[in-house]
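Asker: Quick one: structure below, then a few questions.
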There are 2 protein chains.
Amino acid sequence: MISQSITDHLPAGEPLPIPAGFRAAGVRAGIKESGAPDLAVLVADGDCAAAGVFTTNRIAAAPVQWDRALLPSTKARAVVVNSGNANAATGAQGLADARRTATRAAEVIGCEPGQVLVASTGVIGHQLPMEKVEAGLARALDAAAAGEGAFRAAAGAILTTDTHPKLVARSVEVAGAAVNLLGMAKGAAMIGPNMATMLGFLLTDARVGPADLQAILRDAVDDSFNCISVEGHMSTNDTVLLLASGGVDRPALNGKDLDVFKHLVRDCCADLARMIPEDGEGATHLITIEVEGCADVAEARAIARAVADSPLVKTAIHGADPNWGRIVSAAGYAGVPFEESELSLWLDGVPLYRGGVPLPFDDAAVSGRLRSERDVQIRLALGRGPAKARFWTCDLTAEYVRLNADYTT
Amino acid sequence: MISQSITDHLPAGEPLPIPAGFRAAGVRAGIKESGAPDLAVLVADGDCAAAGVFTTNRIAAAPVQWDRALLPSTKARAVVVNSGNANAATGAQGLADARRTATRAAEVIGCEPGQVLVASTGVIGHQLPMEKVEAGLARALDAAAAGEGAFRAAAGAILTTDTHPKLVARSVEVAGAAVNLLGMAKGAAMIGPNMATMLGFLLTDARVGPADLQAILRDAVDDSFNCISVEGHMSTNDTVLLLASGGVDRPALNGKDLDVFKHLVRDCCADLARMIPEDGEGATHLITIEVEGCADVAEARAIARAVADSPLVKTAIHGADPNWGRIVSAAGYAGVPFEESELSLWLDGVPLYRGGVPLPFDDAAVSGRLRSERDVQIRLALGRGPAKARFWTCDLTAEYVRLNADYTT
């Protein structure tokens with residue numbers, strides 16, 4: 001049913017299915033000292049249904065506060081995103097700047113400020129350079145276009161330490177008509193469970209009501225962006241937005257058609273989420289943690305998260321060291337009251353620990369596989385019930401330390 | 001009142017106040033491939049009151065399971081400690097080996113196996129090499145002596161990646177008689193809140209009942225070993241034991257005298273606890289985190305712990321980067337429902353953030369201080385109440401990654 005699935009480094013030659021009714025741009029506003037692109041706009045031709053999921057950090061960035069008050073909505077018209085400055089921990093001035101950004105965009109677009117969503121990522125605690133933001137915003141809105149290149153430019157302008165843009169575009173046939181979904185994300189560090197400094201923007205031409213849209217996005221995020229970790233530090237700016245333009249001549253989705261759309265959103269969120277630890281700062285391995293046999297999903301996620309966030313697990317994988325005791329001991333402090341005798345562990349499919357007893361295994365072979373492969377699978381099983389979870393993280397390297405020991409200065 | 005306080009690298013020239021009624025030894029049993037000392041015994045001449053506090057990890061090492069079943073006790077006679085092998089995640093064989101170790105020691109000492117406590121630290125998931133353990137144990141019990149050198153040797157034999165022994169010895173006059181307390185600890189990684197791969201042994205010649213002893217140790221540990229972190233990974237083997245020989249001609253302590261003893265234990269635990277992140281693997285800074293103005297101690301500790309465990313905070317300190325947004329954002333995800341507008345932050349005494357608003361500060365001066373000083377103070381204040389907490393951690397360095405990427409193999 002899904003006619004296209006193009007992820008990650010989208011091949012330049014292949015045309016993307018762009019959702020109808022949107023334009024985009026990415027420009028260099030001078031917020032980043034490096035001069036790299038740092039301001040993106042996503043603009044809808046008409047009112048959109050819109051949903052959002054945000055960080056639960058008590059220090060919520062100004063743009064998060066702004067958007068939260070507006071969503072879900074039936075009247076969203078645009079998203080303005082800047083990178084290079086988080087506009088977080090910036091007090092009343094920060095909130096005024098978020099409002100001012102939305103207001104400036106609304107003036108150009110011809111809508112109310114409350115129809116413009118904003119998002120920021122970058123260093124915390126610095127006020128936005130509003131002169132640069134406003135000048136960049138004017139140019140971006142002027143340049144906004146519906147072509148593929150414009151969306152690629154937007155995806156590039158929201159990045160910070162990411163090594164490449166993260167884009168996904170899919171098209172699916174629903175009730176005889178094509179529904180297109182385009183997603184972009186950024187994130188490479190300050191990635192903890194419950195999102196991170198990760199931003200994600202999803203645009204679709206489906207016609208879906210805001211309440212359905214919110215429920216679908218919440219569910220998709222819980223199983224994707226909330227199941228990744230780079231170093232477990234939850235950001236102040238985490239934001240995932242989903243805008244549905246409703247397109248022209250499109251029926252409102254419901255019943256099975258809505259389920260198809262729901263799976264489309266879930267798949268796109270999962271694809272984007274996985275790209276984040278895959279591109280984790282300094283990472284050399286993508287680690288997939290699967291936990292099964294739990295009483296409920298919360299238990300499974302708690303164990304997966306404890307393993308994903310353990311620097312000892314992450315350094316062992318980096319060193320191609322099958323030091324599996326670090327994995328089971330991390331599971332042991334996740335707060336789930338299991339018995340040691342019901343725990344089993346596989347590393348890249350090799351059973352290492354079964355029912356609380358260590359198994360003999362070929363150390364050199366497992367180590368060799370860890371050394372040669374970028375993808376690592378950790379599987380943990382308990383006997384408490386049918387629930388399971390999947391988590392993605394990356395290894396911890398000296399390069400991560402180097403990158404983060406000298407970020408603002 | 002306290003007549004001596006000697007910590008850390010105890011000067012070789014100064015005599016330690018050794019508690020009456022104990023002997024010790026540390027030997028090379030060959031458990032460690034390096035050939036370094038790896039087996040210690042602490043032996044009491046007569047029955048001791050004994051208390052213990054242990055890891056809450058569901059994967060509890062065999063020695064932890066053994067000791068837990070025995071404490072608190074009025075009949076403890078010895079502690080046998082091995083380093084180089086954790087005897088954790090080792091199933092029924094591991095528990096049999098812990099029992100066998102206690103039994104062998106009891107045979108030599110002339111007591112019951114249930115009077116011998118055991119502790120292990122090292123790699124998880126490998127069975128103890130019992131032939132080496134038993135031979136080393138026999139030699140250690142044979143060599144056990146009451147002199148200072150014997151206790152120094154024991155403190156050396158319990159180490160793993162520590163760069164130096166951690167010893168504290170204090171003497172205090174209670175009701176006209178000297179009460180001596182000697183403590184030793186090990187730990188440099190796999191140090192999470194709620195203890196870590198940290199072992200601590202405290203010996204005193206005070207006469208204190210086991211219930212008082214347990215309460216005093218629990219309280220002291222909560223405020224010391226449970227308030228340190230190297231990388232937040234809680235170990236399977238964490239153990240702190242306190243043995244009171246009661247000495248000869250000593251009155252049982254109660255009332256104010258018991259309070260004096262309680263403070264002695266608290267001080268010694270705090271001194272030993274701080275030495276652990278100070279000696280954290282690869283660490284270049286000891287970070288003290290003070291959180292005040294909380295509704296209760298649990299809140300204050302939750303915030304302190306979130307900051308202490310954040311790799312982004314730890315790498316920023318390592319890089320002498322006053323990137324304080326990482327600190328307030330970590331406080332924000334600690335699960336404490338504070339308002340941003342009540343949060344203030346000081347770094348090494350310099351106010352950086354007050355009531356949710358960033359303050360101007362001399363970036364270069366703060367950075368210079370971080371670069372030149374080994375000790376860093378982070379202070380966070382809220383306006384929720386009178387409770388406070390103090391936490392110790394260390395920075396995260398490329399050397400930590402190097403050490404942990406290649407530990408077992």
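A note on labels: chains of the structure tokens are A, B, ... as shown, every chain counts residues from 1, and ligands are counted from 1 in their shown order.
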Please list as a list of chain:residue names every residue within 9 Å of Glu292 of chain A, counting only C-alpha atoms and excluding residues in the same chain fewer than 6 positions away.
Answerer: A:Ala300, A:Arg379, A:Leu380, A:Ala381, A:Leu382, A:Gly383, A:Arg384, A:Gly385, A:Pro386, A:Ala387, A:Lys388, A:Ala389, A:Arg390
Asker: Enumerate as an MDAnalysis selection string the residues belonging to chain B that approach chain A to within 6 Å, with only C-alpha atoms taken into account.
Answerer: chainID B and resid 57:59 90:91 124:125 233 310 315:316 318:319 325 329 332:333 340 356:357 398 401 404:406
Asker: Could you jot down the atom CA of Ala155 of chain B to atom CA of Pro17 of chain B separation for me, Å, one decimal place?
Answerer: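 Spanning atom CA of Ala155 of chain B to atom CA of Pro17 of chain B is a straight-line distance of 15.2 Å.
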Asker: At a cut-off of 10 Å, using only C-alpha atoms, what residues contact Gly147 of chain B? Leave out same-chain residues fewer than 4 positions from it and give the result as a list in words.
Answerer: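 Neighbouring residues, sequence-local ones excluded: Pro15, Leu16, Ile18, Phe22, Arg23, Ala24, Ala25, Phe151 and Arg152 of chain B.
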Asker: Write out as JSON, numbers by chain which residues come within 12 Å of Leu202 of chain B when counting only C-alpha atoms, dropping same-chain ones fewer than 6 positions away.
Answerer: {"B": [18, 19, 22, 42, 49, 50, 51, 52, 53, 79, 151, 155, 166, 167, 168, 169, 170, 180, 181, 182, 183, 184, 185, 213, 217, 220, 221, 239, 240, 241, 242, 243, 244, 245, 264, 265, 266, 267, 268, 269, 272]}
Asker: Which residues, written as a PyMOL selection string, have at least one atom at most 12 Å from Met275 of chain B, with only C-alpha atoms counted and residues fewer than 5 positions away on the same chain left out?
Answerer: chain B and resi 7-9+162-168+184-188+198+200+224-225+228-230+268-270+280-281+283+285-288+392-394
Asker: Report, in Å with one decimal, the straight-line distance from atom CA of Gly368 of chain B to atom CA of Asn87 of chain A.
Answerer: 26.0 Å
Asker: Taking only C-alpha atoms into account, name the residue in B:Gly21, B:Gly282, B:Pro37, B:Gly293 that is nearest to Ala154 of chain B.
Answerer: B:Pro37
Asker: One number please: atom CA of Gly149 of chain A to atom CA of Ala119 of chain A, in Å, one decimal.
Answerer: 21.3 Å
Asker: Can you tell me which residues surround segment 130-135 of chain B at a distance of at most 7 Å, considering only C-alpha atoms, apart from same-chain residues fewer than 5 positions away, and format the answer as JSON, numbers by chain?
Answerer: {"B": [29, 30, 31, 101]}
